[in-house]
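What's in coords35.cif: mmCIF, C-alpha atoms
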```
data_work
#
loop_
_atom_site.label_atom_id
_atom_site.label_comp_id
_atom_site.auth_asym_id
_atom_site.auth_seq_id
_atom_site.Cartn_x
_atom_site.Cartn_y
_atom_site.Cartn_z
CA MET A 1 155.01 83.77 163.26
CA MET A 2 151.34 84.06 164.18
CA PRO A 3 147.96 82.43 163.49
CA ILE A 4 146.40 84.18 160.49
CA ALA A 5 143.06 83.67 158.76
CA VAL A 6 142.41 84.43 155.10
CA ILE A 7 138.77 84.94 154.19
CA GLY A 8 138.20 84.42 150.48
CA LEU A 9 140.42 81.88 148.68
CA GLY A 10 139.93 83.09 145.14
CA GLU A 11 142.49 84.48 142.74
CA ALA A 12 144.08 86.88 145.25
CA GLY A 13 143.24 85.20 148.55
CA SER A 14 144.74 81.88 147.55
CA ARG A 15 148.05 83.55 146.74
CA TYR A 16 148.19 85.39 150.05
CA ALA A 17 147.24 82.24 151.96
CA THR A 18 149.90 80.21 150.16
CA ALA A 19 152.58 82.82 150.87
CA LEU A 20 151.62 83.07 154.54
CA ALA A 21 151.75 79.31 155.02
CA ALA A 22 155.08 79.10 153.18
CA ALA A 23 156.47 81.81 155.47
CA GLY A 24 155.63 79.67 158.50
CA HIS A 25 152.45 81.32 159.69
CA GLU A 26 149.70 79.03 160.99
CA THR A 27 147.21 79.81 158.23
CA ALA A 28 143.49 79.10 158.25
CA GLY A 29 141.24 79.78 155.29
CA PHE A 30 137.53 80.12 154.66
CA ASP A 31 135.57 80.30 151.43
CA PRO A 32 132.08 78.90 150.91
CA GLY A 33 132.67 78.55 147.19
CA PRO A 34 134.05 75.57 145.23
CA VAL A 35 137.64 76.81 145.20
CA ALA A 36 140.77 74.78 145.86
CA THR A 37 142.42 74.86 149.27
CA PRO A 38 145.96 76.32 149.05
CA VAL A 39 148.86 74.11 150.11
CA GLY A 40 149.63 74.41 153.80
CA VAL A 41 146.30 76.06 154.65
CA HIS A 42 143.75 74.60 157.04
CA ARG A 43 140.34 75.01 155.39
CA ALA A 44 137.67 75.89 157.98
CA ALA A 45 134.07 74.87 157.43
CA HIS A 46 132.68 78.07 158.94
CA LEU A 47 133.77 81.70 159.20
CA ALA A 48 133.78 81.53 163.00
CA ASP A 49 136.11 78.52 162.98
CA ALA A 50 138.57 80.31 160.71
CA VAL A 51 138.84 83.53 162.71
CA ARG A 52 138.44 82.36 166.32
CA ASP A 53 142.16 81.79 167.01
CA ALA A 54 143.58 84.30 164.52
CA GLU A 55 145.68 87.29 165.53
CA LEU A 56 145.30 88.72 162.03
CA VAL A 57 142.44 88.27 159.56
CA LEU A 58 142.87 89.19 155.88
CA LEU A 59 139.60 89.76 154.04
CA LEU A 60 139.97 89.11 150.30
CA THR A 61 136.39 88.77 149.07
CA SER A 62 134.33 91.05 146.87
CA ALA A 63 133.79 94.53 148.28
CA SER A 64 130.06 93.89 148.52
CA MET A 65 130.72 91.45 151.38
CA SER A 66 133.00 93.75 153.35
CA VAL A 67 130.60 95.05 156.01
CA ARG A 68 128.52 91.88 156.21
CA LEU A 69 131.48 89.61 156.92
CA ALA A 70 132.96 92.04 159.44
CA THR A 71 129.62 92.03 161.27
CA GLN A 72 129.37 88.25 161.17
CA ALA A 73 132.92 87.71 162.39
CA ARG A 74 133.04 90.30 165.16
CA PRO A 75 131.59 88.10 167.97
CA ASP A 76 134.19 85.39 167.31
CA LEU A 77 137.31 87.57 167.17
CA ALA A 78 139.67 87.37 170.12
CA PRO A 79 140.80 90.58 171.88
CA GLY A 80 143.80 92.08 170.12
CA THR A 81 142.94 90.67 166.70
CA CYS A 82 143.54 92.86 163.64
CA TRP A 83 140.86 92.71 160.93
CA ALA A 84 142.43 93.80 157.64
CA ASP A 85 140.11 94.53 154.72
CA LEU A 86 141.94 94.02 151.40
CA THR A 87 138.82 94.27 149.25
CA ALA A 88 138.31 96.97 146.64
CA ALA A 89 135.70 98.66 148.82
CA SER A 90 135.02 102.38 148.52
CA PRO A 91 136.26 104.77 151.21
CA ALA A 92 132.72 105.04 152.60
CA THR A 93 132.38 101.26 152.81
CA MET A 94 135.78 100.96 154.51
CA THR A 95 134.69 103.52 157.07
CA GLU A 96 131.46 101.60 157.63
CA ALA A 97 133.37 98.33 158.06
CA ALA A 98 135.71 99.98 160.58
CA GLU A 99 132.71 101.19 162.55
CA VAL A 100 131.59 97.58 163.00
CA PHE A 101 134.46 97.19 165.45
CA ALA A 102 133.87 100.44 167.34
CA GLY A 103 134.08 99.65 171.03
CA ALA A 104 135.50 96.17 170.39
CA PRO A 105 139.07 95.19 171.39
CA VAL A 106 139.82 94.62 167.71
CA SER A 107 141.83 96.87 165.40
CA PHE A 108 140.85 97.55 161.80
CA ALA A 109 143.11 98.10 158.79
CA ASP A 110 142.11 99.42 155.37
CA VAL A 111 144.49 97.83 152.84
CA ALA A 112 144.55 98.97 149.20
CA ILE A 113 146.29 96.59 146.81
CA LEU A 114 148.14 98.62 144.16
CA GLY A 115 149.00 96.08 141.54
CA THR A 116 148.17 92.75 139.95
CA VAL A 117 148.23 89.94 142.51
CA PRO A 118 148.23 87.13 139.88
CA LEU A 119 151.53 88.57 138.62
CA THR A 120 153.33 89.51 141.83
CA GLY A 121 151.44 87.55 144.48
CA ALA A 122 151.80 88.60 148.10
CA ARG A 123 154.70 90.86 147.06
CA THR A 124 152.24 93.28 145.43
CA ALA A 125 152.56 96.85 146.74
CA VAL A 126 149.90 98.05 149.17
CA VAL A 127 148.83 101.21 150.99
CA VAL A 128 147.54 100.74 154.55
CA SER A 129 145.56 103.01 156.87
CA GLY A 130 143.58 102.64 160.07
CA PRO A 131 144.60 101.70 163.62
CA GLY A 132 145.48 98.14 162.63
CA GLY A 133 147.86 99.37 159.95
CA PRO A 134 151.16 98.65 161.74
CA ALA A 135 150.16 95.06 162.50
CA VAL A 136 149.22 94.13 158.95
CA ALA A 137 152.12 96.15 157.50
CA GLY A 138 154.59 94.09 159.48
CA VAL A 139 153.21 90.82 158.16
CA LEU A 140 152.96 91.93 154.53
CA ARG A 141 156.46 93.37 154.58
CA GLY A 142 157.62 89.99 155.84
CA LEU A 143 156.16 88.50 152.64
CA GLY A 144 158.17 90.97 150.53
CA ALA A 145 155.45 93.53 149.81
CA PRO A 146 156.29 97.25 149.59
CA VAL A 147 153.98 98.86 152.16
CA GLU A 148 153.08 102.55 152.44
CA LEU A 149 151.72 103.03 155.96
CA LEU A 150 149.47 106.07 156.36
CA THR A 151 148.83 107.71 159.72
CA SER A 152 145.23 108.22 158.67
CA PRO A 153 141.86 106.66 159.54
CA ALA A 154 140.38 103.72 157.65
CA GLY A 155 139.23 104.83 154.21
CA ALA A 156 142.38 106.78 153.39
CA ALA A 157 144.02 103.80 151.68
CA ALA A 158 140.83 103.16 149.71
CA VAL A 159 141.00 106.76 148.46
CA ARG A 160 144.49 106.08 147.09
CA LYS A 161 143.18 102.98 145.31
CA LEU A 162 140.35 104.92 143.64
CA LEU A 163 142.75 107.65 142.55
CA ARG A 164 145.07 105.05 141.04
CA SER A 165 142.09 103.53 139.23
CA VAL A 166 141.63 106.83 137.39
CA LEU A 167 144.89 105.95 135.65
CA MET A 168 145.04 102.16 135.52
CA LYS A 169 141.53 101.09 134.49
CA PRO A 170 141.33 103.38 131.43
CA LEU A 171 144.90 102.36 130.51
CA ALA A 172 143.93 98.69 130.55
CA LEU A 173 140.83 99.35 128.47
CA VAL A 174 142.72 101.44 125.92
CA ILE A 175 145.26 98.63 125.49
CA CYS A 176 142.49 96.04 125.12
CA GLU A 177 140.81 98.18 122.48
CA ALA A 178 144.06 98.82 120.62
CA VAL A 179 144.96 95.11 120.49
CA GLU A 180 141.44 94.10 119.43
CA ALA A 181 141.46 96.69 116.66
CA ALA A 182 144.92 95.64 115.48
CA ARG A 183 143.86 91.99 115.51
CA ALA A 184 140.91 92.83 113.27
CA ALA A 185 143.26 94.75 110.96
CA GLY A 186 145.74 91.87 110.81
CA CYS A 187 148.62 93.59 112.61
CA GLU A 188 148.29 92.56 116.24
CA GLU A 189 152.01 91.79 116.73
CA TRP A 190 152.96 95.23 115.43
CA MET A 191 150.54 96.86 117.89
CA ARG A 192 151.90 94.78 120.76
CA GLU A 193 155.40 96.01 119.88
CA GLN A 194 154.17 99.61 119.87
CA ILE A 195 152.58 99.19 123.30
CA THR A 196 155.68 97.46 124.71
CA ASP A 197 157.82 100.37 123.50
CA GLN A 198 155.74 102.61 125.77
CA LEU A 199 155.41 100.28 128.77
CA GLY A 200 158.99 99.03 128.87
CA ALA A 201 160.35 95.56 129.57
CA ASP A 202 157.23 94.40 131.42
CA GLY A 203 155.04 95.37 128.48
CA PRO A 204 154.30 91.88 127.07
CA VAL A 205 153.25 90.54 130.48
CA MET A 206 151.12 93.60 131.21
CA ILE A 207 149.39 93.39 127.82
CA ASP A 208 148.39 89.77 128.37
CA ARG A 209 147.26 90.51 131.92
CA PHE A 210 145.18 93.49 130.79
CA LEU A 211 143.58 91.41 128.04
CA THR A 212 142.61 88.55 130.36
CA GLY A 213 142.04 90.40 133.63
CA THR A 214 139.84 93.12 132.16
CA TRP A 215 137.40 90.52 130.82
CA GLN A 216 137.63 88.22 133.81
CA HIS A 217 137.08 90.94 136.42
CA ALA A 218 134.85 93.30 134.46
CA GLU A 219 132.05 93.17 137.02
CA ARG A 220 134.25 94.01 140.00
CA ARG A 221 136.13 96.67 138.08
CA SER A 222 132.95 98.34 136.86
CA ALA A 223 131.84 98.66 140.49
CA GLU A 224 135.24 100.10 141.37
CA MET A 225 134.99 102.66 138.58
CA ARG A 226 131.45 103.57 139.67
CA ALA A 227 132.87 104.30 143.13
CA THR A 228 135.73 106.22 141.51
CA VAL A 229 133.32 108.41 139.53
CA GLY A 230 131.35 109.11 142.70
CA TYR A 231 134.50 110.09 144.56
CA LEU A 232 135.71 112.39 141.77
CA ASP A 233 132.28 114.01 141.67
CA SER A 234 132.54 114.63 145.42
CA LEU A 235 135.86 116.39 144.80
CA GLY A 236 134.30 118.55 142.10
CA VAL A 237 136.74 117.37 139.42
CA PRO A 238 136.02 116.00 135.93
CA SER A 239 135.35 112.28 135.63
CA GLU A 240 134.70 111.76 131.90
CA MET A 241 137.45 109.16 131.40
CA SER A 242 136.52 107.22 134.54
CA SER A 243 132.85 107.30 133.60
CA ALA A 244 133.66 106.08 130.09
CA SER A 245 135.73 103.26 131.59
CA GLU A 246 132.79 102.17 133.73
CA GLN A 247 130.55 102.08 130.66
CA ALA A 248 133.15 100.13 128.68
CA LEU A 249 133.39 97.53 131.46
CA LEU A 250 129.60 97.23 131.57
CA ARG A 251 129.66 96.65 127.83
CA LEU A 252 132.14 93.80 128.30
CA ILE A 253 129.82 92.25 130.88
CA ARG A 254 126.93 92.39 128.40
CA ARG A 255 129.09 90.84 125.68
CA ARG A 256 130.16 88.04 128.01
CA SER A 257 126.63 87.14 129.11
#
```
Starting from the file, give its structure as structure tokens.
Amino acid sequence: MMPIAVIGLGEAGSRYATALAAAGHETAGFDPGPVATPVGVHRAAHLADAVRDAELVLLLTSASMSVRLATQARPDLAPGTCWADLTAASPATMTEAAEVFAGAPVSFADVAILGTVPLTGARTAVVVSGPGGPAVAGVLRGLGAPVELLTSPAGAAAVRKLLRSVLMKPLALVICEAVEAARAAGCEEWMREQITDQLGADGPVMIDRFLTGTWQHAERRSAEMRATVGYLDSLGVPSEMSSASEQALLRLIRRRS
């Protein structure tokens, strides 16, 4: 057991914090927003207070805050601390965040979450890279998560996440569109059965999650698909489907506002 800080207590962060506290870790949390404090978690008033005594810090905010929070926290991290970035940051941003700790006695881990945390919680599969990888892998495996540990620099796990997004984000959008069309045609249940036949036993849960999560997280996912398109372009491979997914997510944002 070790002192661990979770930065960001939203949909994903709250689940990780709850699981860590339940596993017996001394868990501190920080979030400036009006979110609930998970059971068993000590809510710190300031970022510095949350990370000062931590041996491991899990960052679960939006990717846009990745580098800024790493920079803010660095002076208050104790030697030997592992800073693990679990945001959906691009490979370039992960590399930039890792560079914040260059020369500091702090290790950095790039952690890509490969699944739906609201469904599987802290047991969601992850890919980890960077020098702090072994430290965070040990903790997450203790929570029941399948962990693929790469012997690669920070940014490598983020690459895997973008590549997976090429598949998963368009799939979610196609299912949303199919259900919406079937609803308008008066045969939604039939369409759900057709989709479940393809997805298997977890189909009904995945359909509902795609329908709610795609709308709820459209802004974050559009940024992720923008990064995905940029990465595919850098590889010199086609990105029509990923680009279309980004535009579809932007359309959902406009419809919601």
Hits of the PyMOL selection byres ((chain A and resi 28-30) around 10) in this structure, as a PyMOL selection string: chain A and resi 3-9+13-14+17+20-21+25-27+31-33+37-38+40-51+53-54+57-59
Explicit residue set for the PyMOL selection byres ((chain A and resi 127) around 10), as a PyMOL selection string: chain A and resi 86+110-114+125-126+128-129+133+137+146-150+156-161
Name every residue that the PyMOL selection byres ((chain A and resi 167-183) around 9) selects in this structure, writing the answer as a ChimeraX atom specification with chains first and numbers rising. /A:163-166,184-192,195,206-207,209-211,214,221,225,241-242,244-246,248-249
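Minimum atom-to-atom distances from A:Ala97, A:Gly80, A:Thr116, A:Thr87 to Gly132 of chain A were compared using all atoms listed in the file, and the lowest value belongs to A:Gly80.
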(134.2, 94.0, 165.4) in this file's frame - what residues fall within 10 Å of it? Use all atoms listed in the file and give the answer as a ChimeraX atom specification. /A:69-79,81-83,97-108
May I ask for the distance between atom CA of Gly142 of chain A and atom CA of Ala84 of chain A, given in Å to one decimal place? 15.8 Å
Can you tell me which residues surround Thr93 of chain A at a distance of at most 8 Å, considering only C-alpha atoms, apart from same-chain residues fewer than 3 positions away, and format the answer as a VMD selection string? chain A and resid 66 to 67 89 to 90 96 to 97 155
Could you give me, as a PDB file with C-alpha atoms, keeping the file's coordinate frame, the residues within 9 Å of Val229 of chain A, counting all atoms listed in the file and dropping anything in the same chain fewer than 5 positions from it?
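Result went into result35.pdb, see below:
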```pdb
ATOM      1  CA  LEU A 162     140.350 104.920 143.640  1.00  0.00           C
ATOM      2  CA  VAL A 166     141.630 106.830 137.390  1.00  0.00           C
ATOM      3  CA  GLU A 224     135.240 100.100 141.370  1.00  0.00           C
ATOM      4  CA  SER A 234     132.540 114.630 145.420  1.00  0.00           C
ATOM      5  CA  PRO A 238     136.020 116.000 135.930  1.00  0.00           C
ATOM      6  CA  SER A 239     135.350 112.280 135.630  1.00  0.00           C
ATOM      7  CA  GLU A 240     134.700 111.760 131.900  1.00  0.00           C
ATOM      8  CA  SER A 242     136.520 107.220 134.540  1.00  0.00           C
ATOM      9  CA  SER A 243     132.850 107.300 133.600  1.00  0.00           C
ATOM     10  CA  GLU A 246     132.790 102.170 133.730  1.00  0.00           C
TER      11      GLU A 246
END
```
To one decimal place, how far is atom CA of Glu11 of chain A from atom CA of Glu193 of chain A in Å?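 Interatomic distance, atom CA of Glu11 of chain A to atom CA of Glu193 of chain A: 28.7 Å.
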How many Å separate atom CA of Ala88 of chain A from atom CA of Pro204 of chain A?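 Computed distance, atom CA of Ala88 of chain A to atom CA of Pro204 of chain A, equals 25.8 Å.
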Residue nearest Leu119 of chain A among A:Thr196, A:Gly138, A:Ala12, A:Ala23 (counting all atoms listed in the file):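 Nearest candidate to Leu119 of chain A out of A:Thr196, A:Gly138, A:Ala12, A:Ala23: A:Ala12.
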Just want the 9 Å neighbourhood of Ala218 of chain A, counted on all atoms listed in the file, with same-chain residues fewer than 5 positions away dropped. Output as a list in words. Gly213, Ala223, Leu249, Leu250, Leu252 and Ile253 of chain A
May I ask which of the residues A:Thr95, A:Arg220, A:Asp202, A:Thr120 is the closest one to Ser62 of chain A, counting all atoms listed in the file? A:Arg220
For Pro134 of chain A, the nearest of the candidates A:Met1, A:Gln198, A:Leu56, A:Gly121, counting all atoms listed in the file: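 Selected residue with least distance to Pro134 of chain A: A:Leu56.
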When you count all atoms listed in the file, which of these residues is closest to Glu55 of chain A: A:Val136, A:Ser257, A:Arg68, A:Pro34?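 For Glu55 of chain A, the nearest of the candidates is A:Val136.
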